[in-house]
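Take a look at the structure below.
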There are 2 protein chains.
Amino acid sequence: MEDERALLLLGILRRQDMHGYRLHEFIDTNLAVCADLKKATAYFLLDKMAAEGWVSYEQVQEGNRPPRRVYRITPAGEQAFQRLIRANLATYASMRFPGDVGLAFLDDLKPTEAVHLLRQRRAAMLDALTALQSAPEHAGTAQLIIEHQRRHLAAELDWLDEVIARVEAKSRKTRSSGRRASSP
Amino acid sequence: MEDERALLLLGILRRQDMHGYRLHEFIDTNLAVCADLKKATAYFLLDKMAAEGWVSYEQVQEGNRPPRRVYRITPAGEQAFQRLIRANLATYASMRFPGDVGLAFLDDLKPTEAVHLLRQRRAAMLDALTALQSAPEHAGTAQLIIEHQRRHLAAELDWLDEVIARVEAKSRKTRSSGRRASSP
DNA sequence: GGGCGCATGTAATGAGTTACATGATTGA
DNA sequence: TCAATCATGTAACTCATTACATGCGCCC
């Protein structure tokens with residue numbers, strides 16, 4: 001079930017009974033930084049968790065609106081939560097960066113163009129960073145995670161700047177060797 | 001096709017014709033840091049890329065061994081590579097950290113246990129870091145990416161240490177408020 | 001001669017997303 | 001009245017992984 005998703009849902013339901021639509025809405029607006037699950041997926045997972053006995057639900061009808069399934073965590077679900085959160089906190093999952101694939105072939109581009117492209121990447125990262133800053137005092141829960149994201153982005157910017165600097169250095173060398181020992 | 005994988009394969013084939021087995025082997029030993037694709041996936045993708053006309057292959061038989069399909073990039077593949085690498089370098093894909101889900105529910109554990117678990121995570125990260133250091137002068141190509149990974153891990157360690165410190169601070173406060181204003 | 005490495009592939013499964021279908025309510 | 005929001009769900013599809021099947025060569 002991809003542990004984190006289950007942990008996420010259980011953790012939320014543990015604090016508040018909720019129906020699928022609200023749950024998805026909540027994650028999408030408050031926890032988008034740390035998880036992105038689509039509506040269909042949320043419903044699907046709730047179904048599965050109900051089948052496993054981690055949650056139960058009560059059908060609630062208000063007027064003639066579509067009935068809502070209000071989910072509640074069960075004792076088995078609480079147990080699962082306790083297990084999952086411990087596993088999550090104690091573990092480190094190493095990451096792969098999609099952007100690294102490009103770096104692997106950096107040498108196959110002209111240095112000047114490489115630098116140009118990397119500067120575009122840099123601008124995109126800067127945008128992401130300022131977008132984070134402007135998020136106005138997000139719901140207390142997610143504060144830590146936003147801070148984490150901020151830190152990560154800052155480190156990535158540092159790193160990217162160094163990569164750019166290296167490519168520029170190489171570019172200068174190439175040009176000067178083209179001019180055949182211009183400086184002694 | 002999940003752009004990075006295609007970029008990866010094209011980038012390698014661009015430098016050298018290769019059959020699927022070698023290709024997978026190469027990625028697995030030299031580029032494991034930045035991509036993890038299984039044998040079956042490699043074969044599957046090569047098939048698809050051949051269908052799209054990005055690569056062609058030549059059946060090579062040596063003695064009575066199983067025949068090898070030696071893939072070669074086509075002009076269309078070269079074009080795709082040029083497009084993909086530019087897109088990759090110019091773009092930043094924001095990341096989600098699986099470990100953040102646990103942090104979202106940190107408050108639901110006793111601070112002492114939370115700290116204990118986070119220290120385990122820290123140890124795992126340290127292991128990963130030393131494993132990186134010991135990789136002895138990896139094939140020049142991947143040098144950048146290993147450096148990136150190293151940087152990332154260092155930043156993550158810093159971050160985790162701060163999280164631990166915060167939880168410990170809260171833990172002290174909790175205990176002292178339990179003793180009812182022990183210090184003025 | 002028994003097991004590992006080379007070399008390819010298929011079938012089944014899983015996880016998640018897209019796109020669609022439904023139907024009531026609410027607000028412009 | 002027309003669109004948007006609320007609320008649920010299904011079906012089709014993609015992508016990748018697991019597990020399996022095959023068969024030769026090589027070395028101990």
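Chains: A, B, ... in order of the structure tokens. Residues: from 1 per chain. Ligands: from 1, in order shown.
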
Surrounding residues of stretch 46-49 of chain B excluding itself and chain neighbours under 5 positions, 9 Å, only C-alpha atoms (C1' of nucleotides), as a CSV table (one decimal) with N, CA and C atoms, in the first residue's frame:
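Writing done, so here's selection31.csv:
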```
chain,number,residue,atom,x,y,z
B,1,MET,N,6.8,7.9,-21.3
B,1,MET,CA,8.0,7.0,-21.0
B,1,MET,C,8.8,7.4,-19.8
B,6,ALA,N,14.4,7.6,-20.5
B,6,ALA,CA,14.8,7.6,-21.9
B,6,ALA,C,16.1,8.4,-22.1
B,9,LEU,N,19.1,6.3,-21.1
B,9,LEU,CA,19.4,5.2,-22.1
B,9,LEU,C,20.0,5.9,-23.3
B,20,GLY,N,21.2,-4.9,-24.3
B,20,GLY,CA,20.5,-4.7,-23.1
B,20,GLY,C,21.1,-5.1,-21.8
B,41,THR,N,12.8,-3.9,-17.0
B,41,THR,CA,12.5,-2.5,-17.4
B,41,THR,C,13.4,-2.0,-18.6
B,54,TRP,N,13.8,5.6,-32.1
B,54,TRP,CA,14.9,6.3,-31.4
B,54,TRP,C,16.2,5.5,-31.5
B,55,VAL,N,16.1,4.1,-31.5
B,55,VAL,CA,17.2,3.3,-31.6
B,55,VAL,C,16.9,2.2,-32.6
B,56,SER,N,18.0,1.6,-33.2
B,56,SER,CA,17.9,0.5,-34.0
B,56,SER,C,18.8,-0.6,-33.4
B,71,TYR,N,22.2,-2.3,-29.6
B,71,TYR,CA,21.4,-1.2,-29.9
B,71,TYR,C,22.3,0.0,-30.3
B,77,GLY,N,16.6,9.5,-32.6
B,77,GLY,CA,17.0,9.3,-31.2
B,77,GLY,C,17.9,10.4,-30.7
```

Exercise. Identify all chain B residues at most 10 Å from chain D by counting only C-alpha atoms (C1' of nucleotides); ligands do not count. Present them as a VMD selection string.
Key: chain B and resid 1 to 2 37 to 41 44 63 to 66

Exercise. Write down as an MDAnalysis selection string the residues of chain B whose backbone DSSP state falls under helix (DSSP H, G or I).
Key: chainID B and resid 3:15 20:30 39:52 75:90 98:104 106:108 111:134 140:178

Quiz item: A:Leu10: which residues within 10 Å, counting only C-alpha atoms (C1' of nucleotides), same-chain residues fewer than 2 positions away excluded, as number ranges by chain?
Solution: A: 4-8, 12-16, 46, 49, 54-55, 72-74, 77-78, 80-82, 84-85

Quiz item: Closest to B:Pro98 among A:Ala50, A:Leu157, A:Ile145, A:Leu117, using only C-alpha atoms?
Solution: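 Among the listed residues, A:Ile145 lies closest to B:Pro98.
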
Practice problem: Rank A:Arg86, A:His152, A:Arg166, A:Arg121 by their smallest atom-to-atom distance to B:Phe105, using only C-alpha atoms, and report the top residue only. | Solution: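 Nearest candidate to B:Phe105 out of A:Arg86, A:His152, A:Arg166, A:Arg121: A:Arg86.
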
Exercise. Select residues of chain B: the criterion is any atom within 8 Å of an atom of chain C, counting only C-alpha atoms (C1' of nucleotides); output as a list in words.
Key: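 Listed by rising number, the hits are Tyr21, Pro66, Pro67 and Arg68 of chain B.
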
Put those residues in a file: all heavy atoms, as a tab-separated table (two decimals), in the first residue's frame.
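File produced: result-v9.tsv:
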```
chain	number	residue	atom	x	y	z
B	21	TYR	N	21.71	-6.26	-21.83
B	21	TYR	CA	22.33	-6.80	-20.63
B	21	TYR	C	23.45	-5.89	-20.13
B	21	TYR	O	23.51	-5.52	-18.96
B	21	TYR	CB	22.87	-8.20	-20.92
B	21	TYR	CG	23.29	-8.97	-19.71
B	21	TYR	CD1	22.38	-9.78	-19.04
B	21	TYR	CD2	24.59	-8.91	-19.25
B	21	TYR	CE1	22.77	-10.51	-17.93
B	21	TYR	CE2	24.99	-9.63	-18.15
B	21	TYR	CZ	24.08	-10.43	-17.49
B	21	TYR	OH	24.48	-11.14	-16.39
B	66	PRO	N	23.62	-17.14	-26.51
B	66	PRO	CA	22.37	-16.45	-26.84
B	66	PRO	C	22.69	-15.19	-27.64
B	66	PRO	O	23.64	-14.48	-27.30
B	66	PRO	CB	21.78	-16.10	-25.47
B	66	PRO	CG	22.85	-16.37	-24.47
B	66	PRO	CD	23.79	-17.34	-25.08
B	67	PRO	N	21.95	-14.93	-28.69
B	67	PRO	CA	22.24	-13.78	-29.55
B	67	PRO	C	22.02	-12.48	-28.81
B	67	PRO	O	21.13	-12.38	-27.97
B	67	PRO	CB	21.23	-13.93	-30.68
B	67	PRO	CG	20.11	-14.70	-30.10
B	67	PRO	CD	20.72	-15.62	-29.08
B	68	ARG	N	22.84	-11.50	-29.13
B	68	ARG	CA	22.71	-10.19	-28.47
B	68	ARG	C	22.13	-9.18	-29.44
B	68	ARG	O	22.50	-9.16	-30.62
B	68	ARG	CB	24.08	-9.71	-28.00
B	68	ARG	CG	24.71	-10.63	-26.98
B	68	ARG	CD	26.09	-10.18	-26.63
B	68	ARG	NE	26.98	-10.12	-27.79
B	68	ARG	CZ	28.22	-9.67	-27.75
B	68	ARG	NH1	28.72	-9.22	-26.63
B	68	ARG	NH2	28.96	-9.66	-28.84
```

Closest pair table for chain B residues within 7 Å of chain A, only C-alpha atoms, as JSON lines:
```
{"residue": "B:Glu4", "atom": "CA", "partner": "A:Pro98", "partner_atom": "CA", "distance": 6.4}
{"residue": "B:Leu8", "atom": "CA", "partner": "A:Val101", "partner_atom": "CA", "distance": 6.2}
{"residue": "B:Gly11", "atom": "CA", "partner": "A:Phe105", "partner_atom": "CA", "distance": 6.7}
{"residue": "B:Val33", "atom": "CA", "partner": "A:Arg96", "partner_atom": "CA", "distance": 6.8}
{"residue": "B:Cys34", "atom": "CA", "partner": "A:Arg96", "partner_atom": "CA", "distance": 5.4}
{"residue": "B:Ala35", "atom": "CA", "partner": "A:Arg96", "partner_atom": "CA", "distance": 6.7}
{"residue": "B:Ile85", "atom": "CA", "partner": "A:Gly102", "partner_atom": "CA", "distance": 5.6}
{"residue": "B:Arg86", "atom": "CA", "partner": "A:Leu117", "partner_atom": "CA", "distance": 6.8}
{"residue": "B:Asn88", "atom": "CA", "partner": "A:Gly102", "partner_atom": "CA", "distance": 5.6}
{"residue": "B:Leu89", "atom": "CA", "partner": "A:Gly102", "partner_atom": "CA", "distance": 5.6}
{"residue": "B:Ala90", "atom": "CA", "partner": "A:Arg121", "partner_atom": "CA", "distance": 4.4}
{"residue": "B:Thr91", "atom": "CA", "partner": "A:Arg121", "partner_atom": "CA", "distance": 4.8}
{"residue": "B:Tyr92", "atom": "CA", "partner": "A:Arg121", "partner_atom": "CA", "distance": 5.4}
{"residue": "B:Arg96", "atom": "CA", "partner": "A:Cys34", "partner_atom": "CA", "distance": 5.4}
{"residue": "B:Phe97", "atom": "CA", "partner": "A:Cys34", "partner_atom": "CA", "distance": 6.5}
{"residue": "B:Pro98", "atom": "CA", "partner": "A:Glu4", "partner_atom": "CA", "distance": 6.4}
{"residue": "B:Gly99", "atom": "CA", "partner": "A:Asn88", "partner_atom": "CA", "distance": 6.1}
{"residue": "B:Asp100", "atom": "CA", "partner": "A:Cys34", "partner_atom": "CA", "distance": 6.1}
{"residue": "B:Val101", "atom": "CA", "partner": "A:Leu8", "partner_atom": "CA", "distance": 6.2}
{"residue": "B:Gly102", "atom": "CA", "partner": "A:Leu89", "partner_atom": "CA", "distance": 5.6}
{"residue": "B:Ala104", "atom": "CA", "partner": "A:Thr141", "partner_atom": "CA", "distance": 5.8}
{"residue": "B:Phe105", "atom": "CA", "partner": "A:Gly11", "partner_atom": "CA", "distance": 6.7}
{"residue": "B:Leu117", "atom": "CA", "partner": "A:Ala90", "partner_atom": "CA", "distance": 4.6}
{"residue": "B:Leu118", "atom": "CA", "partner": "A:Ala90", "partner_atom": "CA", "distance": 5.5}
{"residue": "B:Gln120", "atom": "CA", "partner": "A:Ala90", "partner_atom": "CA", "distance": 5.0}
{"residue": "B:Arg121", "atom": "CA", "partner": "A:Ala90", "partner_atom": "CA", "distance": 4.4}
{"residue": "B:Ala124", "atom": "CA", "partner": "A:Tyr92", "partner_atom": "CA", "distance": 5.9}
{"residue": "B:Met125", "atom": "CA", "partner": "A:Tyr92", "partner_atom": "CA", "distance": 6.1}
{"residue": "B:Thr141", "atom": "CA", "partner": "A:Ala104", "partner_atom": "CA", "distance": 5.8}
{"residue": "B:Ala142", "atom": "CA", "partner": "A:Ala104", "partner_atom": "CA", "distance": 6.0}
{"residue": "B:Ile145", "atom": "CA", "partner": "A:Asp100", "partner_atom": "CA", "distance": 6.2}
{"residue": "B:His148", "atom": "CA", "partner": "A:Trp159", "partner_atom": "CA", "distance": 7.0}
{"residue": "B:Ala155", "atom": "CA", "partner": "A:Ala155", "partner_atom": "CA", "distance": 6.5}
{"residue": "B:Trp159", "atom": "CA", "partner": "A:His148", "partner_atom": "CA", "distance": 7.0}
```
